[in-house]
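See below for run-v1.txt, which holds compact mmCIF, C-alpha atoms and all ligand atoms.
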```
# COMPACT_ATOMS: atom_id res chain seq x y z
CA MET A 1 0.00 0.00 0.00
CA ALA A 2 1.27 3.47 -0.88
CA GLN A 3 1.99 5.69 2.11
CA LEU A 4 0.66 8.76 0.35
CA GLN A 5 -1.88 8.69 -2.43
CA MET A 6 -3.58 11.46 -4.38
CA ASP A 7 -6.55 10.29 -6.44
CA ASN A 8 -8.09 12.43 -9.16
CA ILE A 9 -7.57 15.72 -7.32
CA THR A 10 -9.17 18.75 -8.95
CA VAL A 11 -8.77 22.24 -7.51
CA LYS A 12 -10.55 25.26 -8.99
CA PHE A 13 -10.16 28.93 -8.16
CA GLY A 14 -13.25 30.46 -9.70
CA GLY A 15 -12.94 29.65 -13.39
CA LEU A 16 -9.27 28.69 -13.15
CA VAL A 17 -8.52 24.98 -12.89
CA ALA A 18 -5.25 24.82 -10.93
CA LEU A 19 -5.16 21.01 -10.70
CA SER A 20 -7.06 18.72 -13.01
CA LYS A 21 -7.55 15.09 -11.96
CA LEU A 22 -4.08 14.76 -10.48
CA SER A 23 -3.14 11.28 -9.26
CA PHE A 24 0.11 9.95 -7.87
CA SER A 25 1.31 7.73 -5.06
CA ILE A 26 4.44 7.65 -2.95
CA ASN A 27 5.72 4.63 -1.04
CA THR A 28 7.43 4.54 2.33
CA ALA A 29 11.04 5.79 2.22
CA GLU A 30 10.67 7.10 -1.31
CA ILE A 31 11.97 10.58 -2.03
CA VAL A 32 10.06 12.27 -4.83
CA GLY A 33 10.50 15.61 -6.55
CA LEU A 34 7.68 17.70 -7.99
CA ILE A 35 8.83 19.97 -10.79
CA GLY A 36 7.09 22.30 -13.21
CA PRO A 37 7.07 25.89 -14.47
CA ASN A 38 5.66 28.80 -12.48
CA GLY A 39 1.91 28.49 -12.11
CA ALA A 40 1.91 24.76 -12.87
CA GLY A 41 0.20 24.02 -9.55
CA LYS A 42 3.05 22.69 -7.37
CA THR A 43 2.23 24.82 -4.33
CA THR A 44 -1.45 23.99 -4.76
CA VAL A 45 -0.57 20.29 -4.43
CA PHE A 46 1.09 20.94 -1.08
CA ASN A 47 -1.77 23.16 0.05
CA VAL A 48 -4.33 20.42 -0.69
CA LEU A 49 -2.12 17.81 0.92
CA THR A 50 -1.87 19.78 4.17
CA GLY A 51 -5.46 21.02 4.36
CA VAL A 52 -4.85 24.65 3.43
CA TYR A 53 -6.99 24.39 0.28
CA ARG A 54 -9.96 22.14 -0.31
CA ALA A 55 -10.10 20.07 -3.47
CA SER A 56 -13.36 20.24 -5.40
CA SER A 57 -13.10 16.53 -6.09
CA GLY A 58 -10.81 13.58 -5.54
CA ASP A 59 -9.24 12.09 -2.43
CA VAL A 60 -5.96 12.20 -0.53
CA ARG A 61 -5.00 9.17 1.54
CA PHE A 62 -2.17 8.92 4.04
CA ASN A 63 -1.38 5.49 5.50
CA GLY A 64 -4.65 4.27 4.04
CA ASN A 65 -6.89 6.92 5.64
CA SER A 66 -8.45 9.87 3.87
CA ILE A 67 -7.07 13.20 5.06
CA LEU A 68 -9.16 15.24 2.66
CA GLY A 69 -11.02 18.07 4.39
CA LYS A 70 -9.03 17.67 7.63
CA ARG A 71 -7.54 20.77 9.27
CA PRO A 72 -3.80 21.48 8.85
CA HIS A 73 -3.04 20.61 12.50
CA GLU A 74 -4.97 17.33 12.26
CA ILE A 75 -3.04 16.36 9.15
CA PHE A 76 0.14 17.35 10.94
CA SER A 77 -0.62 15.10 13.90
CA ARG A 78 -1.02 12.18 11.51
CA GLY A 79 2.55 12.73 10.39
CA VAL A 80 2.44 15.04 7.37
CA ALA A 81 4.71 18.02 7.93
CA ARG A 82 5.57 20.73 5.46
CA THR A 83 7.73 23.78 4.98
CA PHE A 84 6.80 26.98 3.17
CA GLN A 85 8.47 28.86 0.32
CA ASN A 86 9.63 31.53 2.75
CA ILE A 87 11.92 30.20 5.48
CA ARG A 88 10.38 30.17 8.94
CA LEU A 89 13.26 29.40 11.26
CA PHE A 90 13.93 31.20 14.53
CA SER A 91 16.83 33.16 13.10
CA ALA A 92 18.52 34.11 16.38
CA MET A 93 18.50 30.53 17.67
CA THR A 94 21.05 27.85 16.82
CA ALA A 95 20.26 24.94 14.51
CA VAL A 96 19.86 22.46 17.34
CA GLU A 97 17.67 24.89 19.31
CA ASN A 98 15.42 25.26 16.27
CA ALA A 99 15.03 21.49 16.10
CA MET A 100 14.44 21.26 19.86
CA VAL A 101 11.54 23.71 19.78
CA ALA A 102 9.42 21.23 17.86
CA ARG A 103 9.70 18.76 20.75
CA HIS A 104 9.48 20.98 23.80
CA CYS A 105 5.84 20.96 24.74
CA ARG A 106 5.88 17.18 24.98
CA SER A 107 8.18 17.61 27.98
CA GLY A 108 6.72 16.97 31.40
CA THR A 109 8.85 19.38 33.40
CA GLY A 110 7.07 22.56 34.41
CA VAL A 111 8.21 26.03 35.40
CA VAL A 112 9.47 24.88 38.80
CA GLY A 113 11.68 22.21 37.26
CA ALA A 114 13.01 24.66 34.71
CA ILE A 115 13.92 27.25 37.34
CA PHE A 116 15.57 24.86 39.80
CA ARG A 117 17.07 22.67 37.07
CA THR A 118 16.03 19.42 38.72
CA GLY A 119 17.65 16.13 37.70
CA ALA A 120 14.50 15.11 35.85
CA GLN A 121 14.47 18.41 33.96
CA ARG A 122 18.09 18.06 32.88
CA ARG A 123 17.56 14.46 31.81
CA GLU A 124 14.52 15.42 29.77
CA GLU A 125 16.34 18.36 28.17
CA ARG A 126 19.17 16.01 27.18
CA GLN A 127 16.70 13.60 25.57
CA ILE A 128 15.09 16.40 23.58
CA ARG A 129 18.53 17.58 22.47
CA ASP A 130 19.59 14.06 21.45
CA ARG A 131 16.47 13.62 19.33
CA ALA A 132 17.03 17.03 17.75
CA LEU A 133 20.65 16.12 16.93
CA GLU A 134 19.42 12.88 15.38
CA ALA A 135 17.12 14.91 13.14
CA LEU A 136 19.97 17.24 12.16
CA ALA A 137 22.15 14.22 11.32
CA PHE A 138 19.33 12.74 9.21
CA MET A 139 19.39 15.92 7.11
CA GLY A 140 23.19 16.17 7.11
CA VAL A 141 23.36 19.41 9.09
CA ASP A 142 24.54 18.09 12.46
CA ARG A 143 27.88 19.80 12.14
CA TYR A 144 26.05 23.14 12.18
CA ALA A 145 24.21 22.27 15.40
CA ASP A 146 25.61 25.26 17.28
CA THR A 147 25.47 27.72 14.38
CA VAL A 148 22.89 30.49 14.62
CA ALA A 149 20.24 29.82 11.93
CA ALA A 150 20.62 33.27 10.34
CA ASN A 151 24.27 32.46 9.57
CA LEU A 152 23.45 29.33 7.56
CA SER A 153 23.22 29.45 3.77
CA TYR A 154 19.75 29.25 2.22
CA GLY A 155 20.25 25.59 1.31
CA LEU A 156 21.32 24.67 4.85
CA GLN A 157 18.38 26.63 6.32
CA ARG A 158 16.04 24.58 4.11
CA ARG A 159 17.59 21.35 5.35
CA LEU A 160 17.27 22.56 8.92
CA GLU A 161 13.56 23.27 8.37
CA ILE A 162 13.07 19.71 7.19
CA ALA A 163 15.06 18.41 10.18
CA ARG A 164 12.78 20.38 12.50
CA ALA A 165 9.75 18.78 10.84
CA TRP A 166 11.19 15.26 11.12
CA HIS A 167 9.39 13.21 13.81
CA PRO A 168 8.43 16.25 15.84
CA SER A 169 5.96 16.23 18.68
CA PRO A 170 2.53 16.78 17.09
CA ARG A 171 1.23 18.59 20.14
CA CYS A 172 3.86 21.33 20.20
CA SER A 173 4.56 21.87 16.56
CA SER A 174 1.26 21.86 14.68
CA TRP A 175 1.95 25.56 13.96
CA MET A 176 4.47 24.31 11.44
CA ASN A 177 1.70 23.37 8.98
CA ARG A 178 -0.21 26.60 9.47
CA PRO A 179 -0.02 28.93 6.46
CA PRO A 180 1.23 32.49 6.86
CA ALA A 181 -1.55 34.87 8.01
N1 LIG B 1 -5.44 31.23 -3.62
C1 LIG B 1 -5.50 31.29 -4.96
N2 LIG B 1 -6.48 32.01 -5.58
C2 LIG B 1 -6.56 32.06 -6.93
N3 LIG B 1 -5.70 31.46 -7.75
C3 LIG B 1 -4.70 30.74 -7.21
C4 LIG B 1 -4.54 30.62 -5.78
N4 LIG B 1 -3.45 29.85 -5.53
C5 LIG B 1 -2.96 29.49 -6.74
N5 LIG B 1 -3.70 30.03 -7.75
C6 LIG B 1 -3.48 29.84 -9.18
O1 LIG B 1 -3.35 28.44 -9.42
C7 LIG B 1 -2.32 28.18 -10.38
C8 LIG B 1 -1.26 27.30 -9.76
O2 LIG B 1 -0.54 28.05 -8.79
P1 LIG B 1 0.59 27.45 -7.87
O3 LIG B 1 0.11 26.18 -7.28
O4 LIG B 1 1.00 28.52 -6.94
O5 LIG B 1 1.75 27.14 -8.93
P2 LIG B 1 3.31 26.82 -8.68
O6 LIG B 1 3.54 26.64 -7.23
O7 LIG B 1 3.58 25.59 -9.51
O8 LIG B 1 4.05 28.00 -9.25
C9 LIG B 1 -1.81 29.54 -10.82
O9 LIG B 1 -2.48 29.92 -11.98
C10 LIG B 1 -2.18 30.44 -9.66
O10 LIG B 1 -2.34 31.77 -10.09
MG MG B 2 4.84 27.57 -5.89
```
Using structure tokens, write down the structure that the file contains.
Ligand SMILES: Nc1ncnc2c1ncn2[C@@H]1O[C@H](COP(=O)(O)OP(=O)(O)O)[C@@H](O)[C@H]1O
Ligand SMILES: [Mg+2]
Amino acid sequence: MAQLQMDNITVKFGGLVALSKLSFSINTAEIVGLIGPNGAGKTTVFNVLTGVYRASSGDVRFNGNSILGKRPHEIFSRGVARTFQNIRLFSAMTAVENAMVARHCRSGTGVVGAIFRTGAQRREERQIRDRALEALAFMGVDRYADTVAANLSYGLQRRLEIARAWHPSPRCSSWMNRPPA
């Protein structure tokens, strides 16, 4: 079974048909590129996939379940994470800190633990950091872990954004799928 499947997706903006009966499927661990000239409909595909736009017909299935019509944060919690054309990193924070943010609200330590730096708090912080470093390594940017995001090249910032979206905590990072206001 394909992990991600688009079936006959049509998206219309008034009289303009942005996507016409688009179908494709992607299997687990496959890396797929979507290319096309300006206005071809690439961004529209990602917007339908993540619940920003509604398709007028067709279906999108992720791990066998339809995600069509679900809200961006619901789709995110099922494991579909995206980035946007404009980079949305925390520019004054380091690469590893950016990746840690997406995991923080899963932590159990509260304000008291954070202030007094209890053993449990430090242990938890280390776990979050280790997972973040794993994500950086997955995207080949672990050697920039302590570099401030603003100082990374555009290409490295892109990779860092994908690292941040890799196995994050759904509860604390659903903002990542939310389109710009
Ligand atoms: N929110 C929208 N309202 C009206 N038209 C849109 C909207 N979003 C995209 N389009 C139109 O849909 C077509 C595909 O756009 P888009 O998906 O952004 O293309 P790409 O990302 O491949 O450059 C274009 O003609 C674009 O003008
Ligand atoms: Mg685009």
Provide an axis-aligned box for all listed atoms of ligand LIG 1 (chain B), padding each side by 6 Å; report its centre and its edge lengths in Å to one decimal, as lines of an AutoDock Vina configuration file.
```
center_x = -1.3
center_y = 28.8
center_z = -7.8
size_x = 22.6
size_y = 18.5
size_z = 20.4
```
Sorted per-residue table, chain A near ligand MG 2 (chain B), closest atoms and distance, 8 Å, only C-alpha atoms and all ligand atoms, as JSON lines:
```
{"residue": "A:Asn38", "atom": "CA", "partner": "B:MG2", "partner_atom": "MG", "distance": 6.8}
{"residue": "A:Gly39", "atom": "CA", "partner": "B:MG2", "partner_atom": "MG", "distance": 6.9}
{"residue": "A:Gly41", "atom": "CA", "partner": "B:MG2", "partner_atom": "MG", "distance": 6.9}
{"residue": "A:Lys42", "atom": "CA", "partner": "B:MG2", "partner_atom": "MG", "distance": 5.4}
{"residue": "A:Thr43", "atom": "CA", "partner": "B:MG2", "partner_atom": "MG", "distance": 4.1}
{"residue": "A:Thr44", "atom": "CA", "partner": "B:MG2", "partner_atom": "MG", "distance": 7.3}
{"residue": "A:Gln85", "atom": "CA", "partner": "B:MG2", "partner_atom": "MG", "distance": 7.3}
```
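Among the candidates A:Ile128, A:Ala2, A:Leu34, A:Ala181, the one nearest to ligand LIG 1 (chain B) when counting all atoms listed in the file is A:Leu34.
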Give me the chain A side of the contact with ligand LIG 1 (chain B), cut-off 10 Å, one line per residue showing its nearest atom pair and distance in Å at one decimal, counting all atoms listed in the file, sorted by chain and residue number, as CSV.
```
residue,atom,partner,partner_atom,distance
A:Val11,CA,B:LIG1,O1,8.5
A:Lys12,CA,B:LIG1,O1,7.9
A:Phe13,CA,B:LIG1,C2,4.9
A:Gly14,CA,B:LIG1,C2,7.4
A:Gly15,CA,B:LIG1,N3,9.4
A:Leu16,CA,B:LIG1,O9,7.0
A:Val17,CA,B:LIG1,O1,7.1
A:Ala18,CA,B:LIG1,O1,4.4
A:Leu19,CA,B:LIG1,C8,7.5
A:Leu34,CA,B:LIG1,O7,9.0
A:Ile35,CA,B:LIG1,O7,7.8
A:Gly36,CA,B:LIG1,O7,6.1
A:Pro37,CA,B:LIG1,O7,6.1
A:Asn38,CA,B:LIG1,O8,3.7
A:Gly39,CA,B:LIG1,O5,3.5
A:Ala40,CA,B:LIG1,O7,3.8
A:Gly41,CA,B:LIG1,O3,3.1
A:Lys42,CA,B:LIG1,O7,3.6
A:Thr43,CA,B:LIG1,O6,3.7
A:Thr44,CA,B:LIG1,O3,3.7
A:Val45,CA,B:LIG1,O3,6.6
A:Phe46,CA,B:LIG1,O3,8.2
A:Asn47,CA,B:LIG1,O3,8.1
A:Val48,CA,B:LIG1,O3,9.8
A:Val52,CA,B:LIG1,N1,9.7
A:Tyr53,CA,B:LIG1,N1,8.0
A:Gln85,CA,B:LIG1,O6,9.3
```
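Across the structure, CA of Ala165 (chain A) and CA of Ala81 (chain A) are spaced 5.9 Å apart.
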Long-range neighbours of region 56-59 of chain A as a PDB file with C-alpha atoms, in the frame of the given file, 7 Å cut-off, all atoms listed in the file, 5 positions minimum in chain:
```pdb
ATOM      1  CA  MET A   6      -3.580  11.460  -4.380  1.00  0.00           C
ATOM      2  CA  ASP A   7      -6.550  10.290  -6.440  1.00  0.00           C
ATOM      3  CA  ASN A   8      -8.090  12.430  -9.160  1.00  0.00           C
ATOM      4  CA  ILE A   9      -7.570  15.720  -7.320  1.00  0.00           C
ATOM      5  CA  THR A  10      -9.170  18.750  -8.950  1.00  0.00           C
ATOM      6  CA  VAL A  11      -8.770  22.240  -7.510  1.00  0.00           C
ATOM      7  CA  LYS A  12     -10.550  25.260  -8.990  1.00  0.00           C
ATOM      8  CA  SER A  66      -8.450   9.870   3.870  1.00  0.00           C
ATOM      9  CA  LEU A  68      -9.160  15.240   2.660  1.00  0.00           C
TER      10      LEU A  68
END
```
Practice task
Go ahead and compute the interatomic distance for CA of Ala132 (chain A) and CA of Lys70 (chain A), in Å to one decimal.
Solution key: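 Those two atoms sit 28.0 Å apart.
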Exercise for the section: Name the residues within 9 Å of (6.1, 28.1, 4.1), counting all atoms listed in the file in the file's coordinates, and put them as number ranges by chain. Expected result: A: 82-88, 176-180
Practice task
List the neighbours of Ile31 (chain A) out to 12 Å using only C-alpha atoms; skip same-chain residues closer than 5 positions along the sequence, and give me the result as an MDAnalysis selection string.
Solution key: chainID A and resid 3:4 25:26
Problem - Of the listed residues A:Val32, A:Val80, A:Met100, A:Val60, that which approaches Glu134 (chain A) most closely, counting only C-alpha atoms - result: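 Among the listed residues, A:Met100 lies closest to Glu134 (chain A).
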Residues of region 51-127 of chain A that approach region 135-153 of chain A to 8 Å or less, counting all atoms listed in the file: could you list each one with the shortest pair of atoms and its distance in Å to one decimal, rows by chain and increasing residue number, as a Markdown table?
```
| residue | atom | partner | partner_atom | distance |
| --- | --- | --- | --- | --- |
| A:Leu89 | CA | A:Ala149 | CA | 7.0 |
| A:Phe90 | CA | A:Ala149 | CA | 7.0 |
| A:Ser91 | CA | A:Ala150 | CA | 4.7 |
| A:Ala92 | CA | A:Val148 | CA | 5.9 |
| A:Met93 | CA | A:Val148 | CA | 5.3 |
| A:Thr94 | CA | A:Val148 | CA | 3.9 |
| A:Ala95 | CA | A:Ala145 | CA | 4.9 |
| A:Val96 | CA | A:Ala145 | CA | 4.8 |
| A:Asn98 | CA | A:Ala149 | CA | 7.9 |
| A:Ala99 | CA | A:Ala135 | CA | 7.5 |
```
Problem - Point-to-point distance from CA of Arg122 (chain A) to CA of Gly110 (chain A), Å rounded to tenths - result: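 Interatomic distance, CA of Arg122 (chain A) to CA of Gly110 (chain A): 12.0 Å.
Shortest atom-to-atom contact with Lys21 (chain A) among A:Leu160, A:Met1, A:Ala55, A:Leu49: A:Ala55, counting all atoms listed in the file.
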Practice task
Between A:Gln121, A:Ala102, A:Phe24, A:Gln5, single out the one closest to Asn63 (chain A), counting all atoms listed in the file.
Solution key: A:Gln5
